[in-house]
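The data block below is structure-v2.cif; it holds mmCIF, C-alpha atoms.
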data_final
loop_
_atom_site.group_PDB
_atom_site.id
_atom_site.type_symbol
_atom_site.label_atom_id
_atom_site.label_comp_id
_atom_site.auth_asym_id
_atom_site.auth_seq_id
_atom_site.Cartn_x
_atom_site.Cartn_y
_atom_site.Cartn_z
ATOM 1 C CA MET A 4 -28.186 -14.217 -25.074
ATOM 2 C CA ASN A 5 -24.566 -14.750 -24.074
ATOM 3 C CA ARG A 6 -24.117 -18.469 -23.473
ATOM 4 C CA GLY A 7 -21.262 -17.784 -21.077
ATOM 5 C CA ALA A 8 -23.359 -15.621 -18.757
ATOM 6 C CA PRO A 9 -24.588 -18.407 -16.409
ATOM 7 C CA ASP A 10 -21.008 -19.601 -15.796
ATOM 8 C CA ALA A 11 -19.926 -16.016 -15.205
ATOM 9 C CA ASP A 12 -22.807 -15.464 -12.785
ATOM 10 C CA ARG A 13 -21.788 -18.588 -10.852
ATOM 11 C CA PHE A 14 -18.191 -17.397 -10.739
ATOM 12 C CA PHE A 15 -19.136 -13.938 -9.486
ATOM 13 C CA GLY A 16 -21.451 -15.462 -6.875
ATOM 14 C CA ALA A 17 -18.694 -17.751 -5.625
ATOM 15 C CA LEU A 18 -16.202 -14.895 -5.588
ATOM 16 C CA ARG A 19 -18.593 -12.775 -3.524
ATOM 17 C CA GLY A 20 -18.757 -15.613 -1.000
ATOM 18 C CA ALA A 21 -14.953 -15.837 -0.818
ATOM 19 C CA LEU A 22 -14.342 -12.115 -0.286
ATOM 20 C CA SER A 23 -14.685 -10.188 2.957
ATOM 21 C CA PRO A 24 -17.629 -7.825 3.422
ATOM 22 C CA ALA A 25 -16.635 -4.351 2.294
ATOM 23 C CA ALA A 26 -17.552 -2.920 5.694
ATOM 24 C CA THR A 27 -14.865 -5.049 7.386
ATOM 25 C CA GLN A 28 -12.007 -2.565 7.285
ATOM 26 C CA GLU A 29 -9.142 -2.284 9.716
ATOM 27 C CA PRO A 30 -6.996 0.768 10.464
ATOM 28 C CA PRO A 31 -3.910 1.118 8.249
ATOM 29 C CA LEU A 32 -0.642 -0.283 9.462
ATOM 30 C CA PRO A 33 1.340 2.270 11.504
ATOM 31 C CA GLY A 34 3.257 4.730 9.367
ATOM 32 C CA LEU A 35 1.387 3.872 6.170
ATOM 33 C CA ARG A 36 -1.143 6.024 4.326
ATOM 34 C CA SER A 37 -4.591 4.558 3.618
ATOM 35 C CA ALA A 38 -5.578 4.022 -0.010
ATOM 36 C CA GLY A 39 -8.464 2.299 -1.758
ATOM 37 C CA VAL A 40 -8.566 0.763 -5.237
ATOM 38 C CA LEU A 41 -11.314 -0.766 -7.322
ATOM 39 C CA VAL A 42 -10.619 -4.087 -9.032
ATOM 40 C CA PRO A 43 -13.135 -4.042 -11.916
ATOM 41 C CA LEU A 44 -14.141 -7.403 -13.403
ATOM 42 C CA ARG A 45 -16.592 -8.137 -16.194
ATOM 43 C CA ASP A 46 -17.935 -10.965 -18.301
ATOM 44 C CA ALA A 47 -16.568 -10.679 -21.830
ATOM 45 C CA GLY A 48 -18.321 -13.366 -23.826
ATOM 46 C CA GLY A 49 -18.151 -15.891 -21.002
ATOM 47 C CA GLU A 50 -14.560 -15.064 -20.053
ATOM 48 C CA ILE A 51 -13.866 -13.021 -16.946
ATOM 49 C CA THR A 52 -11.612 -10.039 -17.614
ATOM 50 C CA VAL A 53 -9.842 -7.545 -15.361
ATOM 51 C CA THR A 54 -9.767 -3.853 -16.267
ATOM 52 C CA LEU A 55 -6.372 -2.226 -15.731
ATOM 53 C CA THR A 56 -5.012 1.231 -16.474
ATOM 54 C CA ARG A 57 -1.642 2.691 -17.398
ATOM 55 C CA ARG A 58 -0.766 5.898 -15.631
ATOM 56 C CA THR A 59 0.547 8.888 -17.556
ATOM 57 C CA GLU A 60 4.015 10.350 -17.224
ATOM 58 C CA SER A 61 2.421 13.519 -15.781
ATOM 59 C CA VAL A 62 1.306 12.123 -12.434
ATOM 60 C CA PRO A 63 3.562 12.738 -9.406
ATOM 61 C CA HIS A 64 3.749 9.058 -8.372
ATOM 62 C CA HIS A 65 4.030 5.721 -10.217
ATOM 63 C CA LYS A 66 4.532 7.285 -13.644
ATOM 64 C CA GLY A 67 3.684 4.944 -16.511
ATOM 65 C CA GLN A 68 2.845 2.045 -14.213
ATOM 66 C CA ILE A 69 -0.018 -0.410 -14.627
ATOM 67 C CA CYS A 70 -2.534 -0.055 -11.827
ATOM 68 C CA PHE A 71 -6.145 -0.218 -10.720
ATOM 69 C CA PRO A 72 -8.263 2.916 -10.414
ATOM 70 C CA GLY A 73 -7.834 4.280 -6.919
ATOM 71 C CA GLY A 74 -5.739 6.443 -4.676
ATOM 72 C CA SER A 75 -5.231 7.945 -1.241
ATOM 73 C CA ARG A 76 -8.162 8.529 1.034
ATOM 74 C CA ASP A 77 -9.344 12.140 0.995
ATOM 75 C CA PRO A 78 -10.767 13.771 4.131
ATOM 76 C CA GLY A 79 -14.180 13.916 2.454
ATOM 77 C CA ASP A 80 -14.331 10.176 1.728
ATOM 78 C CA ARG A 81 -16.682 8.347 4.091
ATOM 79 C CA ASP A 82 -14.419 5.265 3.988
ATOM 80 C CA LEU A 83 -11.950 3.508 1.689
ATOM 81 C CA LEU A 84 -14.748 2.110 -0.455
ATOM 82 C CA GLY A 85 -15.819 5.699 -1.001
ATOM 83 C CA THR A 86 -12.223 6.474 -1.996
ATOM 84 C CA ALA A 87 -12.105 3.624 -4.520
ATOM 85 C CA LEU A 88 -15.466 4.538 -6.066
ATOM 86 C CA ARG A 89 -14.626 8.248 -6.245
ATOM 87 C CA GLU A 90 -11.294 7.568 -7.906
ATOM 88 C CA ALA A 91 -12.827 5.076 -10.356
ATOM 89 C CA GLU A 92 -15.325 7.718 -11.445
ATOM 90 C CA GLU A 93 -12.694 10.456 -11.677
ATOM 91 C CA GLU A 94 -10.154 8.336 -13.553
ATOM 92 C CA LEU A 95 -12.348 6.143 -15.758
ATOM 93 C CA GLY A 96 -15.852 7.563 -15.554
ATOM 94 C CA ILE A 97 -17.163 4.409 -13.815
ATOM 95 C CA ARG A 98 -20.286 5.517 -11.953
ATOM 96 C CA GLY A 99 -20.994 4.042 -8.551
ATOM 97 C CA VAL A 100 -24.531 3.112 -9.612
ATOM 98 C CA ASP A 101 -23.056 0.868 -12.342
ATOM 99 C CA VAL A 102 -20.807 -1.042 -9.937
ATOM 100 C CA GLU A 103 -21.856 -4.323 -8.325
ATOM 101 C CA LEU A 104 -19.626 -4.568 -5.289
ATOM 102 C CA LEU A 105 -18.490 -8.145 -4.570
ATOM 103 C CA GLY A 106 -16.338 -7.558 -1.507
ATOM 104 C CA ALA A 107 -12.941 -6.627 -0.137
ATOM 105 C CA MET A 108 -9.597 -8.391 -0.523
ATOM 106 C CA GLU A 109 -6.784 -8.484 1.992
ATOM 107 C CA ARG A 110 -4.875 -5.250 2.409
ATOM 108 C CA VAL A 111 -1.592 -4.753 0.577
ATOM 109 C CA PRO A 112 1.141 -2.686 2.253
ATOM 110 C CA THR A 113 3.600 -1.127 -0.162
ATOM 111 C CA VAL A 114 7.234 -0.136 0.137
ATOM 112 C CA THR A 115 6.194 3.326 -1.106
ATOM 113 C CA GLY A 116 4.335 3.939 2.150
ATOM 114 C CA PHE A 117 0.722 3.014 1.400
ATOM 115 C CA CYS A 118 -1.687 0.462 2.818
ATOM 116 C CA ILE A 119 -3.996 -0.409 -0.082
ATOM 117 C CA GLN A 120 -7.475 -1.828 0.428
ATOM 118 C CA PRO A 121 -8.701 -3.470 -2.825
ATOM 119 C CA PHE A 122 -12.440 -3.755 -3.493
ATOM 120 C CA VAL A 123 -13.555 -6.219 -6.168
ATOM 121 C CA ALA A 124 -16.516 -5.156 -8.284
ATOM 122 C CA ARG A 125 -18.410 -6.381 -11.303
ATOM 123 C CA ILE A 126 -18.918 -3.732 -13.961
ATOM 124 C CA PRO A 127 -21.255 -3.903 -16.969
ATOM 125 C CA GLN A 128 -20.125 -5.985 -19.917
ATOM 126 C CA ASP A 129 -20.574 -2.989 -22.208
ATOM 127 C CA ALA A 130 -19.015 -0.382 -19.890
ATOM 128 C CA ARG A 131 -17.310 2.445 -21.773
ATOM 129 C CA PHE A 132 -14.657 4.534 -20.110
ATOM 130 C CA HIS A 133 -14.014 8.278 -20.081
ATOM 131 C CA LEU A 134 -10.377 8.701 -19.141
ATOM 132 C CA ASP A 135 -8.904 11.482 -17.063
ATOM 133 C CA GLY A 136 -6.199 12.611 -19.475
ATOM 134 C CA PHE A 137 -3.882 13.829 -16.724
ATOM 135 C CA GLU A 138 -3.877 10.595 -14.740
ATOM 136 C CA VAL A 139 -4.698 7.784 -17.181
ATOM 137 C CA ALA A 140 -2.866 7.168 -20.460
ATOM 138 C CA GLU A 141 -4.913 4.118 -21.464
ATOM 139 C CA THR A 142 -7.029 1.276 -20.159
ATOM 140 C CA PHE A 143 -7.182 -2.354 -21.219
ATOM 141 C CA ASP A 144 -8.910 -5.584 -20.261
ATOM 142 C CA ALA A 145 -6.914 -8.738 -19.601
ATOM 143 C CA PRO A 146 -8.380 -12.218 -19.074
ATOM 144 C CA LEU A 147 -8.294 -13.309 -15.462
ATOM 145 C CA SER A 148 -6.919 -16.635 -16.706
ATOM 146 C CA ALA A 149 -3.680 -14.838 -17.640
ATOM 147 C CA PHE A 150 -3.073 -14.226 -13.947
ATOM 148 C CA THR A 151 -4.069 -17.671 -12.652
ATOM 149 C CA ASP A 152 -1.071 -19.100 -14.549
ATOM 150 C CA PHE A 153 1.392 -18.679 -11.709
ATOM 151 C CA SER A 154 4.340 -19.631 -13.910
ATOM 152 C CA ARG A 155 4.044 -16.158 -15.452
ATOM 153 C CA TYR A 156 5.090 -14.439 -12.222
ATOM 154 C CA ARG A 157 8.621 -13.535 -11.248
ATOM 155 C CA ALA A 158 9.445 -12.514 -7.701
ATOM 156 C CA ALA A 159 12.184 -10.500 -6.049
ATOM 157 C CA GLY A 160 12.696 -10.943 -2.334
ATOM 158 C CA THR A 161 13.192 -8.019 0.041
ATOM 159 C CA THR A 162 12.449 -7.105 3.646
ATOM 160 C CA PHE A 163 9.545 -4.818 4.513
ATOM 161 C CA LEU A 164 8.264 -3.852 7.962
ATOM 162 C CA GLY A 165 10.777 -6.286 9.394
ATOM 163 C CA ASN A 166 9.447 -9.278 7.470
ATOM 164 C CA PRO A 167 10.384 -11.083 4.229
ATOM 165 C CA TYR A 168 8.421 -9.583 1.328
ATOM 166 C CA LEU A 169 8.057 -10.733 -2.281
ATOM 167 C CA VAL A 170 7.692 -8.154 -5.036
ATOM 168 C CA TYR A 171 5.896 -9.765 -7.984
ATOM 169 C CA PHE A 172 6.436 -9.022 -11.671
ATOM 170 C CA LEU A 173 4.706 -10.430 -14.738
ATOM 171 C CA ASP A 174 4.436 -9.579 -18.409
ATOM 172 C CA TYR A 175 1.133 -9.281 -20.219
ATOM 173 C CA ASP A 176 1.015 -8.216 -23.862
ATOM 174 C CA ARG A 177 3.328 -5.175 -24.072
ATOM 175 C CA PHE A 178 3.018 -4.363 -20.377
ATOM 176 C CA THR A 179 5.090 -5.297 -17.334
ATOM 177 C CA ILE A 180 2.882 -5.392 -14.249
ATOM 178 C CA TRP A 181 4.611 -5.272 -10.896
ATOM 179 C CA GLY A 182 4.450 -4.140 -7.310
ATOM 180 C CA ALA A 183 1.112 -3.749 -5.537
ATOM 181 C CA THR A 184 -0.901 -4.318 -8.730
ATOM 182 C CA ALA A 185 0.843 -7.627 -9.412
ATOM 183 C CA ARG A 186 0.358 -8.677 -5.787
ATOM 184 C CA ILE A 187 -3.374 -7.868 -5.922
ATOM 185 C CA LEU A 188 -3.681 -9.851 -9.164
ATOM 186 C CA HIS A 189 -1.769 -12.759 -7.609
ATOM 187 C CA ASN A 190 -4.079 -12.701 -4.570
ATOM 188 C CA LEU A 191 -7.151 -12.502 -6.827
ATOM 189 C CA ALA A 192 -5.869 -15.415 -8.900
ATOM 190 C CA GLU A 193 -5.417 -17.496 -5.743
ATOM 191 C CA LEU A 194 -9.019 -16.709 -4.779
ATOM 192 C CA ALA A 195 -10.233 -17.626 -8.279
ATOM 193 C CA GLN A 196 -8.457 -20.970 -8.145
ATOM 194 C CA ARG A 197 -9.815 -21.675 -4.674
ATOM 195 C CA ILE A 198 -13.406 -21.245 -5.848
ATOM 196 C CA GLY A 199 -12.896 -23.296 -8.980
ATOM 197 C CA GLY A 200 -11.143 -21.460 -11.763
ATOM 198 C CA SER A 201 -11.558 -18.206 -13.685
ATOM 199 C CA SER A 202 -14.720 -18.994 -15.643
ATOM 200 C CA ARG A 203 -12.810 -20.127 -18.716
#
Starting from the coordinates I provided, produce the structure as C-alpha cells.
Amino acid sequence: MNRGAPDADRFFGALRGALSPAATQEPPLPGLRSAGVLVPLRDAGGEITVTLTRRTESVPHHKGQICFPGGSRDPGDRDLLGTALREAEEELGIRGVDVELLGAMERVPTVTGFCIQPFVARIPQDARFHLDGFEVAETFDAPLSAFTDFSRYRAAGTTFLGNPYLVYFLDYDRFTIWGATARILHNLAELAQRIGGSSR
C-alpha cells in the first residue's frame, strides 16, 4: 500500500472543505463568455500532482499554450461543471465516473473575453489519458509544490475591467505557464498553503 496515501487523503479532504460547493455558480461578468475547466489532481506516491496539457498549433485560440482541460459552455451543457467534465472527456478521455469532484475555485476573468470557472477534482492515481490529437499536443503532471513556491512567479501589471490586474508567468521544466492557467495555479497554491501545505 502507498504509504503516502493517508497524507494525500487528509490533504484532499481539507481542500474539499476550503473550496466552494460546485453548485454555487454566479452569472458571468458582463461582456464575458462563460467557460469551465477541470483542475485534475492526483496522489503520485504521496506527492500531489497537477495534470496540465499543452494545446496544439491547430486550435483557433491559445495555440501551444499550457492549460487545463476545458472550454466554452455549449448550449447542451447543463452547467459549467458539465462543460468542464465534457471537455475533460473529449480532450483527455477522463470519464466523469472516474472524477471525484472536490469543489469550485473563484472565477477567473481573462483579457481574451472569458470568465473561467475552475473545478478541482481528484482523478485516479493510475489514470491514463487518450488525447484529442487536434486539441491536445501533450499532457504532463507537475508537483503542486512547484506552484506553492511563489518566488517562481513573475507578474506583469495591466488594467482590466477598469481595475489593476496582474498577469502571472512561471517556468516549469521546458514550459512557460502564464495567463489564466498561471492565475488558477497561483490561487490553488494559496489554498494549499492555507490548509497546510501541498502534501509533500
(request) Would you please work out which residue, of A:Ile69, A:Val53, A:Thr142, A:Val114, is nearest to A:Glu94 when using only C-alpha atoms? (result)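 Smallest separation from A:Glu94 among the options: A:Thr142.
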(message) Using all atoms listed in the file for the distances, tell me which of A:Glu50, A:Arg57, A:Ala159, A:Gly106 is nearest to A:Arg177.
(response)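 Closest to A:Arg177, using all atoms listed in the file: A:Arg57.
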(message) When you count all atoms listed in the file, which of these residues is closest to A:Pro112: A:Gly20, A:Gly48, A:Pro72, A:Pro33?
(response)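 Nearest candidate to A:Pro112 out of A:Gly20, A:Gly48, A:Pro72, A:Pro33: A:Pro33.
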(message) Using Å and a single decimal, report how far atom CA of A:Leu173 sits from atom CA of A:Ala87.
(response) 24.2 Å
(message) Could you tell me how far atom CA of A:Asp10 sits from atom CA of A:Gly39, in Å to one decimal place?
(response) 28.9 Å
Taking all atoms of stretch 93-99 of chain A that appear in the file, build a box with edges along x, y and z, extend it by 8 Å on every side, and state its centre and edge lengths in Å to one decimal, as JSON.
{"center_x": -15.6, "center_y": 7.2, "center_z": -12.2, "size_x": 26.8, "size_y": 22.4, "size_z": 23.2}
